[in-house]
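Heads up, the thing below is written out as structure tokens.
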Amino acid sequence: MKEGLLHINAIRRSKKLQVSLVKQLIKGGFWSVFSVVVLVLLCNWIVVDTTRSKVFFDINTLPSNDVGLVLGTSKYVARGKENLFFRYRMEASARLFKEGKVKYLILSGNKEAETYDEPKAMKQALTKLGVPEDAMLLDTAGYRTYDSVVRCREIYGQERVTVISQNFHNARALYLADHEGLNAVGFAAQDVPNGYSIKTLIREYLARPKAMLDVYILKPEAGVREGASQKE
């Protein structure tokens, strides 16, 4: 009888221990997730707040620079639909060139294969918008925004530049430029309608902490050994 009671008490203690352990794991998981969320939000605030004064929406107040750095994106989205991010960036880039705010454009993007070439697509679109070929330089090693910014300075020898992309993207590019010795301002291309690409915005929220890791800890080489692309 006594042994049976001891066995029951042992089972109860074991269950209580298991419940306590589960509670601790849930609590620890909650605080871990909470800490990560706070860190991501803090990084986003720092990136946006420190670059806010360098992003221009009005072309009339935008300082002039010899070179504009156009950040690449795909021309099409799912099912071959037009990518509005691409369209509006090209329209903004052509406008800056025609208004004399920039004299040359570095078209920096990803070239994974002959069938996917962001700089080439940008060049074709800008040519249709009236930008002459000799004013465009294709950088096919701009795999990430970090690559585009660092290569603009290291490979193309630029010290001052106007970054051309949507407002949300410009903040990260300018933050990187500030920490990579590139004196840059950003021109905000027309934004897309609300809800157009939630995935893109989520990716940007995560990319900003990654940008801080790049400049302070990781310091990747950014493909600077690949050399300069040629005018095509």
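Labeling convention for the structure tokens: chains A, B, ... as they appear, residues from 1 per chain, ligands from 1 in order of appearance.
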- request: Compile the contact shell of Cys152 in chain A as number ranges by chain: residues with an atom at most 9 Å away, counting only C-alpha atoms, same-chain residues fewer than 4 positions apart removed.
  value: A: 69, 106, 108, 139, 147-148, 156-159, 161, 182
Taking N, CA, C and O atoms for each residue, export the selection above as a PDB file, in the first residue's frame.
```pdb
ATOM      1  N   LEU A  69      22.511  56.050 -59.464  1.00  0.00           N
ATOM      2  CA  LEU A  69      22.614  54.602 -59.273  1.00  0.00           C
ATOM      3  C   LEU A  69      21.203  54.031 -59.228  1.00  0.00           C
ATOM      4  O   LEU A  69      20.458  54.245 -58.271  1.00  0.00           O
ATOM      5  N   ILE A 106      24.157  54.376 -63.679  1.00  0.00           N
ATOM      6  CA  ILE A 106      24.682  53.028 -63.470  1.00  0.00           C
ATOM      7  C   ILE A 106      23.483  52.132 -63.178  1.00  0.00           C
ATOM      8  O   ILE A 106      22.769  52.333 -62.196  1.00  0.00           O
ATOM      9  N   SER A 108      22.366  48.891 -61.938  1.00  0.00           N
ATOM     10  CA  SER A 108      22.964  47.826 -61.139  1.00  0.00           C
ATOM     11  C   SER A 108      21.916  46.799 -60.722  1.00  0.00           C
ATOM     12  O   SER A 108      20.921  47.125 -60.079  1.00  0.00           O
ATOM     13  N   ASP A 139      25.882  47.352 -64.637  1.00  0.00           N
ATOM     14  CA  ASP A 139      26.588  46.609 -63.596  1.00  0.00           C
ATOM     15  C   ASP A 139      25.812  45.324 -63.324  1.00  0.00           C
ATOM     16  O   ASP A 139      24.797  45.334 -62.628  1.00  0.00           O
ATOM     17  N   ASP A 147      25.900  45.080 -52.633  1.00  0.00           N
ATOM     18  CA  ASP A 147      26.821  44.957 -53.769  1.00  0.00           C
ATOM     19  C   ASP A 147      26.777  46.203 -54.645  1.00  0.00           C
ATOM     20  O   ASP A 147      27.819  46.729 -55.057  1.00  0.00           O
ATOM     21  N   SER A 148      25.569  46.660 -54.957  1.00  0.00           N
ATOM     22  CA  SER A 148      25.405  47.816 -55.839  1.00  0.00           C
ATOM     23  C   SER A 148      26.073  49.056 -55.265  1.00  0.00           C
ATOM     24  O   SER A 148      26.757  49.801 -55.976  1.00  0.00           O
ATOM     25  N   TYR A 156      33.438  51.563 -59.803  1.00  0.00           N
ATOM     26  CA  TYR A 156      33.149  52.669 -60.724  1.00  0.00           C
ATOM     27  C   TYR A 156      33.691  54.007 -60.238  1.00  0.00           C
ATOM     28  O   TYR A 156      33.512  55.030 -60.900  1.00  0.00           O
ATOM     29  N   GLY A 157      34.354  53.995 -59.077  1.00  0.00           N
ATOM     30  CA  GLY A 157      35.091  55.167 -58.612  1.00  0.00           C
ATOM     31  C   GLY A 157      34.259  56.377 -58.256  1.00  0.00           C
ATOM     32  O   GLY A 157      34.760  57.505 -58.295  1.00  0.00           O
ATOM     33  N   GLN A 158      33.021  56.181 -57.888  1.00  0.00           N
ATOM     34  CA  GLN A 158      32.157  57.304 -57.563  1.00  0.00           C
ATOM     35  C   GLN A 158      32.232  57.672 -56.084  1.00  0.00           C
ATOM     36  O   GLN A 158      32.311  56.803 -55.223  1.00  0.00           O
ATOM     37  N   GLU A 159      32.224  58.978 -55.821  1.00  0.00           N
ATOM     38  CA  GLU A 159      32.214  59.468 -54.445  1.00  0.00           C
ATOM     39  C   GLU A 159      30.878  60.109 -54.089  1.00  0.00           C
ATOM     40  O   GLU A 159      30.516  60.196 -52.918  1.00  0.00           O
ATOM     41  N   VAL A 161      26.672  60.268 -55.471  1.00  0.00           N
ATOM     42  CA  VAL A 161      25.727  59.575 -56.339  1.00  0.00           C
ATOM     43  C   VAL A 161      24.298  59.837 -55.887  1.00  0.00           C
ATOM     44  O   VAL A 161      24.046  60.139 -54.711  1.00  0.00           O
ATOM     45  N   LEU A 182      30.346  56.533 -49.311  1.00  0.00           N
ATOM     46  CA  LEU A 182      29.734  57.078 -50.525  1.00  0.00           C
ATOM     47  C   LEU A 182      28.758  58.187 -50.138  1.00  0.00           C
ATOM     48  O   LEU A 182      27.808  57.968 -49.383  1.00  0.00           O
TER      49      LEU A 182
END
```
field: Long-range neighbours of range 48-58 of chain A as a PyMOL selection string, 6 Å cut-off, only C-alpha atoms, 6 positions minimum in chain
entry: chain A and resi 171+185-188
Keeping C-alpha atoms, export the residues of the selection given above as a PDB file, in the first residue's frame.
```
ATOM      1  CA  ALA A 171      16.549  54.153 -46.818  1.00  0.00           C
ATOM      2  CA  VAL A 185      21.140  61.174 -51.744  1.00  0.00           C
ATOM      3  CA  GLY A 186      18.063  59.274 -52.809  1.00  0.00           C
ATOM      4  CA  PHE A 187      15.248  60.101 -55.176  1.00  0.00           C
ATOM      5  CA  ALA A 188      12.001  58.324 -54.355  1.00  0.00           C
TER       6      ALA A 188
END
```
field: Residues of chain A in strand (DSSP E), written as a ChimeraX atom specification
entry: /A:55-56,67-71,104-108,111-113,116-117,136-139,160-166,183-189
Residues just named, written with N, CA, C and O atoms as a short mmCIF file (atom, residue, chain, number, x, y, z; two decimals), in the first residue's frame:
```
data_model
loop_
_atom_site.label_atom_id
_atom_site.label_comp_id
_atom_site.auth_asym_id
_atom_site.auth_seq_id
_atom_site.Cartn_x
_atom_site.Cartn_y
_atom_site.Cartn_z
N VAL A 55 16.48 61.59 -48.41
CA VAL A 55 15.55 61.08 -49.42
C VAL A 55 14.70 62.24 -49.93
O VAL A 55 14.07 62.96 -49.14
N PHE A 56 14.66 62.41 -51.24
CA PHE A 56 13.93 63.51 -51.86
C PHE A 56 12.77 62.98 -52.69
O PHE A 56 12.91 62.01 -53.43
N VAL A 67 26.18 61.24 -61.43
CA VAL A 67 25.79 59.84 -61.62
C VAL A 67 24.57 59.47 -60.78
O VAL A 67 24.47 59.84 -59.62
N GLY A 68 23.67 58.72 -61.41
CA GLY A 68 22.55 58.13 -60.71
C GLY A 68 22.74 56.62 -60.63
O GLY A 68 23.12 55.99 -61.62
N LEU A 69 22.51 56.05 -59.46
CA LEU A 69 22.61 54.60 -59.27
C LEU A 69 21.20 54.03 -59.23
O LEU A 69 20.46 54.25 -58.27
N VAL A 70 20.84 53.31 -60.28
CA VAL A 70 19.49 52.74 -60.38
C VAL A 70 19.54 51.31 -59.84
O VAL A 70 20.24 50.46 -60.38
N LEU A 71 18.78 51.06 -58.80
CA LEU A 71 18.79 49.74 -58.17
C LEU A 71 17.82 48.81 -58.88
O LEU A 71 16.66 49.14 -59.10
N TYR A 104 24.70 60.57 -66.02
CA TYR A 104 24.92 59.17 -66.35
C TYR A 104 24.16 58.29 -65.36
O TYR A 104 23.87 58.70 -64.23
N LEU A 105 23.86 57.08 -65.81
CA LEU A 105 23.13 56.14 -64.97
C LEU A 105 23.88 54.81 -64.89
O LEU A 105 24.21 54.23 -65.93
N ILE A 106 24.16 54.38 -63.68
CA ILE A 106 24.68 53.03 -63.47
C ILE A 106 23.48 52.13 -63.18
O ILE A 106 22.77 52.33 -62.20
N LEU A 107 23.26 51.17 -64.05
CA LEU A 107 22.12 50.26 -63.91
C LEU A 107 22.63 49.00 -63.22
O LEU A 107 23.25 48.15 -63.85
N SER A 108 22.37 48.89 -61.94
CA SER A 108 22.96 47.83 -61.14
C SER A 108 21.92 46.80 -60.72
O SER A 108 20.92 47.12 -60.08
N LYS A 111 22.31 39.52 -62.74
CA LYS A 111 22.26 38.78 -64.00
C LYS A 111 22.55 37.32 -63.68
O LYS A 111 23.69 36.89 -63.57
N GLU A 112 21.48 36.54 -63.53
CA GLU A 112 21.64 35.13 -63.19
C GLU A 112 21.93 34.29 -64.42
O GLU A 112 22.61 33.27 -64.35
N ALA A 113 21.38 34.71 -65.55
CA ALA A 113 21.56 33.97 -66.81
C ALA A 113 21.16 34.88 -67.95
O ALA A 113 20.72 36.02 -67.74
N TYR A 116 17.70 35.97 -67.58
CA TYR A 116 17.35 36.87 -66.47
C TYR A 116 18.49 37.86 -66.27
O TYR A 116 19.52 37.54 -65.69
N ASP A 117 18.29 39.06 -66.76
CA ASP A 117 19.33 40.08 -66.77
C ASP A 117 18.69 41.43 -66.43
O ASP A 117 18.16 42.11 -67.31
N MET A 136 24.42 55.25 -70.18
CA MET A 136 24.09 54.14 -69.29
C MET A 136 25.25 53.15 -69.19
O MET A 136 25.88 52.82 -70.18
N LEU A 137 25.51 52.71 -67.97
CA LEU A 137 26.53 51.71 -67.70
C LEU A 137 25.88 50.55 -66.97
O LEU A 137 25.17 50.75 -65.98
N LEU A 138 26.12 49.34 -67.45
CA LEU A 138 25.46 48.16 -66.87
C LEU A 138 26.37 47.48 -65.85
O LEU A 138 27.49 47.09 -66.19
N ASP A 139 25.88 47.35 -64.64
CA ASP A 139 26.59 46.61 -63.60
C ASP A 139 25.81 45.32 -63.32
O ASP A 139 24.80 45.33 -62.63
N ARG A 160 30.17 60.57 -55.12
CA ARG A 160 28.85 61.18 -54.94
C ARG A 160 27.88 60.53 -55.92
O ARG A 160 28.23 60.31 -57.08
N VAL A 161 26.67 60.27 -55.47
CA VAL A 161 25.73 59.57 -56.34
C VAL A 161 24.30 59.84 -55.89
O VAL A 161 24.05 60.14 -54.71
N THR A 162 23.38 59.73 -56.83
CA THR A 162 21.94 59.80 -56.51
C THR A 162 21.37 58.40 -56.67
O THR A 162 21.40 57.83 -57.76
N VAL A 163 20.87 57.84 -55.58
CA VAL A 163 20.27 56.51 -55.61
C VAL A 163 18.81 56.64 -56.04
O VAL A 163 18.08 57.49 -55.54
N ILE A 164 18.40 55.79 -56.96
CA ILE A 164 17.04 55.86 -57.51
C ILE A 164 16.31 54.54 -57.24
O ILE A 164 16.67 53.50 -57.78
N SER A 165 15.30 54.61 -56.41
CA SER A 165 14.46 53.47 -56.10
C SER A 165 13.22 53.98 -55.37
O SER A 165 13.04 55.19 -55.23
N GLN A 166 12.38 53.06 -54.88
CA GLN A 166 11.25 53.49 -54.07
C GLN A 166 11.74 53.94 -52.70
O GLN A 166 12.83 53.55 -52.25
N ASN A 183 29.01 59.39 -50.64
CA ASN A 183 28.14 60.53 -50.36
C ASN A 183 26.93 60.43 -51.28
O ASN A 183 27.03 60.69 -52.48
N ALA A 184 25.79 60.07 -50.72
CA ALA A 184 24.63 59.77 -51.56
C ALA A 184 23.37 60.45 -51.06
O ALA A 184 23.19 60.69 -49.86
N VAL A 185 22.51 60.77 -52.03
CA VAL A 185 21.14 61.17 -51.74
C VAL A 185 20.24 60.21 -52.51
O VAL A 185 20.69 59.51 -53.42
N GLY A 186 18.98 60.18 -52.14
CA GLY A 186 18.06 59.27 -52.81
C GLY A 186 16.88 60.00 -53.40
O GLY A 186 16.36 60.95 -52.80
N PHE A 187 16.47 59.57 -54.58
CA PHE A 187 15.25 60.10 -55.18
C PHE A 187 14.19 59.00 -55.13
O PHE A 187 14.43 57.89 -55.61
N ALA A 188 13.05 59.31 -54.54
CA ALA A 188 12.00 58.32 -54.36
C ALA A 188 11.14 58.22 -55.61
O ALA A 188 10.41 59.15 -55.96
N ALA A 189 11.23 57.08 -56.26
CA ALA A 189 10.35 56.82 -57.40
C ALA A 189 8.92 56.66 -56.90
O ALA A 189 8.69 56.41 -55.71
#
```
task: Would you mind reading off the distance between CA of Lys219 in chain A and CA of Phe34 in chain A, one decimal, in Å?
output: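 It comes out at 27.2 Å.
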query: Out of A:Val102, A:Val22, A:Val192, A:Ala94, which residue has the shortest atom-to-atom distance to Glu82 in chain A when counting only C-alpha atoms?
result: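 Closest candidate: A:Val192.
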message: I'd like to know which residues of range 32-81 of chain A are alpha helix (DSSP H) (by DSSP, run on the backbone); could you write them as an MDAnalysis selection string?
response: chainID A and resid 32:51
Quick one: write out the picked residues with N, CA, C and O atoms as a compact mmCIF listing (two decimals), in the first residue's frame?
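Below is the file out-v4.txt, written as the result:
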```txt
# COMPACT_ATOMS: atom_id res chain seq x y z
N SER A 32 12.03 35.17 -26.39
CA SER A 32 12.99 35.13 -27.50
C SER A 32 12.40 35.78 -28.74
O SER A 32 13.04 36.61 -29.40
N VAL A 33 11.15 35.40 -29.06
CA VAL A 33 10.47 35.98 -30.22
C VAL A 33 10.27 37.47 -30.01
O VAL A 33 10.49 38.28 -30.93
N PHE A 34 9.87 37.86 -28.82
CA PHE A 34 9.66 39.28 -28.49
C PHE A 34 10.95 40.07 -28.68
O PHE A 34 10.95 41.16 -29.26
N SER A 35 12.06 39.51 -28.21
CA SER A 35 13.35 40.19 -28.32
C SER A 35 13.76 40.37 -29.78
O SER A 35 14.26 41.43 -30.18
N VAL A 36 13.53 39.33 -30.59
CA VAL A 36 13.87 39.40 -32.01
C VAL A 36 13.03 40.47 -32.71
O VAL A 36 13.54 41.27 -33.50
N VAL A 37 11.73 40.49 -32.41
CA VAL A 37 10.84 41.48 -33.01
C VAL A 37 11.28 42.90 -32.64
O VAL A 37 11.34 43.79 -33.50
N VAL A 38 11.59 43.11 -31.37
CA VAL A 38 12.03 44.43 -30.92
C VAL A 38 13.33 44.83 -31.62
O VAL A 38 13.50 45.98 -32.05
N LEU A 39 14.26 43.87 -31.75
CA LEU A 39 15.53 44.16 -32.41
C LEU A 39 15.33 44.52 -33.87
O LEU A 39 15.95 45.47 -34.38
N VAL A 40 14.45 43.79 -34.56
CA VAL A 40 14.17 44.08 -35.97
C VAL A 40 13.55 45.46 -36.11
O VAL A 40 13.95 46.25 -36.99
N LEU A 41 12.60 45.79 -35.25
CA LEU A 41 11.95 47.10 -35.30
C LEU A 41 12.94 48.21 -35.00
O LEU A 41 12.91 49.28 -35.63
N LEU A 42 13.84 47.97 -34.04
CA LEU A 42 14.84 48.97 -33.69
C LEU A 42 15.78 49.23 -34.86
O LEU A 42 16.10 50.38 -35.18
N CYS A 43 16.23 48.16 -35.50
CA CYS A 43 17.11 48.31 -36.67
C CYS A 43 16.41 49.08 -37.78
O CYS A 43 17.02 49.94 -38.43
N ASN A 44 15.14 48.79 -38.00
CA ASN A 44 14.39 49.50 -39.03
C ASN A 44 14.28 50.98 -38.70
O ASN A 44 14.42 51.84 -39.57
N TRP A 45 14.02 51.27 -37.44
CA TRP A 45 13.90 52.68 -37.03
C TRP A 45 15.22 53.41 -37.25
O TRP A 45 15.24 54.54 -37.76
N ILE A 46 16.33 52.79 -36.88
CA ILE A 46 17.63 53.42 -37.04
C ILE A 46 17.93 53.70 -38.51
O ILE A 46 18.34 54.80 -38.88
N VAL A 47 17.69 52.71 -39.37
CA VAL A 47 17.98 52.87 -40.80
C VAL A 47 17.15 53.98 -41.41
O VAL A 47 17.66 54.84 -42.14
N VAL A 48 15.87 54.00 -41.11
CA VAL A 48 14.98 55.00 -41.68
C VAL A 48 15.25 56.39 -41.12
O VAL A 48 15.33 57.38 -41.85
N ASP A 49 15.42 56.48 -39.79
CA ASP A 49 15.58 57.78 -39.15
C ASP A 49 16.89 58.46 -39.54
O ASP A 49 16.92 59.68 -39.73
N THR A 50 17.96 57.68 -39.68
CA THR A 50 19.26 58.28 -39.98
C THR A 50 19.41 58.70 -41.44
O THR A 50 20.36 59.41 -41.79
N THR A 51 18.51 58.26 -42.30
CA THR A 51 18.61 58.60 -43.73
C THR A 51 17.45 59.47 -44.22
O THR A 51 17.43 59.85 -45.39
```
message: Between CA of Ser74 in chain A and CA of Glu118 in chain A, what distance in Å does the model show, to one decimal?
response: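 Between CA of Ser74 in chain A and CA of Glu118 in chain A the gap is 6.1 Å.
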query: Hey, which of A:Lys123, A:Lys210, A:His169, A:His179 ends up closest to Phe85 in chain A? Count only C-alpha atoms.
result: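 The closest residue to Phe85 in chain A is A:His169.
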Please provide as a compact mmCIF listing (two decimals) with C-alpha atoms, in the first residue's frame all residues within 8 Å of Leu176 in chain A, with the sequence filter that same-chain residues fewer than 3 positions apart are discarded (counting only C-alpha atoms).
```txt
# COMPACT_ATOMS: atom_id res chain seq x y z
CA TYR A 146 24.99 46.12 -50.63
CA VAL A 149 26.46 50.46 -53.32
CA ARG A 172 18.60 50.95 -46.72
CA ALA A 173 20.71 51.92 -49.74
CA HIS A 179 28.86 53.48 -43.93
CA GLU A 180 30.76 52.65 -47.11
CA ALA A 211 22.35 45.65 -43.71
CA VAL A 215 28.41 47.09 -42.27
```
message: One decimal, in Å: what's the spacing between CA of Ser93 in chain A and CA of Ile155 in chain A?
response: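 Atom-to-atom, CA of Ser93 in chain A to CA of Ile155 in chain A, that is 21.3 Å.
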Where does range 68-132 of chain A meet range 193-205 of chain A within 12 Å, residue by residue, with the nearest atom pair and distance in Å to one decimal for each, counting only C-alpha atoms, listed by chain and rising number, as JSON lines?
```
{"residue": "A:Thr73", "atom": "CA", "partner": "A:Thr200", "partner_atom": "CA", "distance": 11.1}
{"residue": "A:Val77", "atom": "CA", "partner": "A:Ser197", "partner_atom": "CA", "distance": 10.2}
{"residue": "A:Ala78", "atom": "CA", "partner": "A:Ser197", "partner_atom": "CA", "distance": 11.4}
{"residue": "A:Glu82", "atom": "CA", "partner": "A:Tyr196", "partner_atom": "CA", "distance": 11.9}
{"residue": "A:Asn83", "atom": "CA", "partner": "A:Tyr196", "partner_atom": "CA", "distance": 9.9}
{"residue": "A:Leu84", "atom": "CA", "partner": "A:Tyr196", "partner_atom": "CA", "distance": 8.9}
{"residue": "A:Phe85", "atom": "CA", "partner": "A:Ser197", "partner_atom": "CA", "distance": 9.6}
{"residue": "A:Tyr88", "atom": "CA", "partner": "A:Pro193", "partner_atom": "CA", "distance": 11.6}
```
Output file for the residues above (N, CA and C atoms, as a compact mmCIF listing (two decimals), in the first residue's frame):
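After the write, out_28.txt holds the following:
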```
# COMPACT_ATOMS: atom_id res chain seq x y z
N THR A 73 15.54 45.51 -60.14
CA THR A 73 14.49 44.59 -59.72
C THR A 73 13.98 43.89 -60.97
N VAL A 77 6.58 40.19 -62.65
CA VAL A 77 6.28 39.42 -61.44
C VAL A 77 5.60 38.12 -61.86
N ALA A 78 4.90 37.49 -60.94
CA ALA A 78 4.27 36.20 -61.23
C ALA A 78 3.36 36.26 -62.44
N GLU A 82 3.42 42.89 -65.33
CA GLU A 82 4.37 43.99 -65.19
C GLU A 82 4.65 44.27 -63.72
N ASN A 83 5.92 44.47 -63.41
CA ASN A 83 6.33 44.83 -62.06
C ASN A 83 6.32 46.35 -61.94
N LEU A 84 5.42 46.88 -61.12
CA LEU A 84 5.30 48.33 -60.99
C LEU A 84 6.53 48.95 -60.34
N PHE A 85 7.19 48.22 -59.46
CA PHE A 85 8.43 48.73 -58.88
C PHE A 85 9.43 49.05 -60.00
N TYR A 88 8.15 52.12 -62.34
CA TYR A 88 8.25 53.44 -61.73
C TYR A 88 9.71 53.86 -61.51
```
Among listed residues A:Glu221, A:Glu99, A:Asp178, A:Glu91, nearest Met122 in chain A (using only C-alpha atoms): A:Glu91
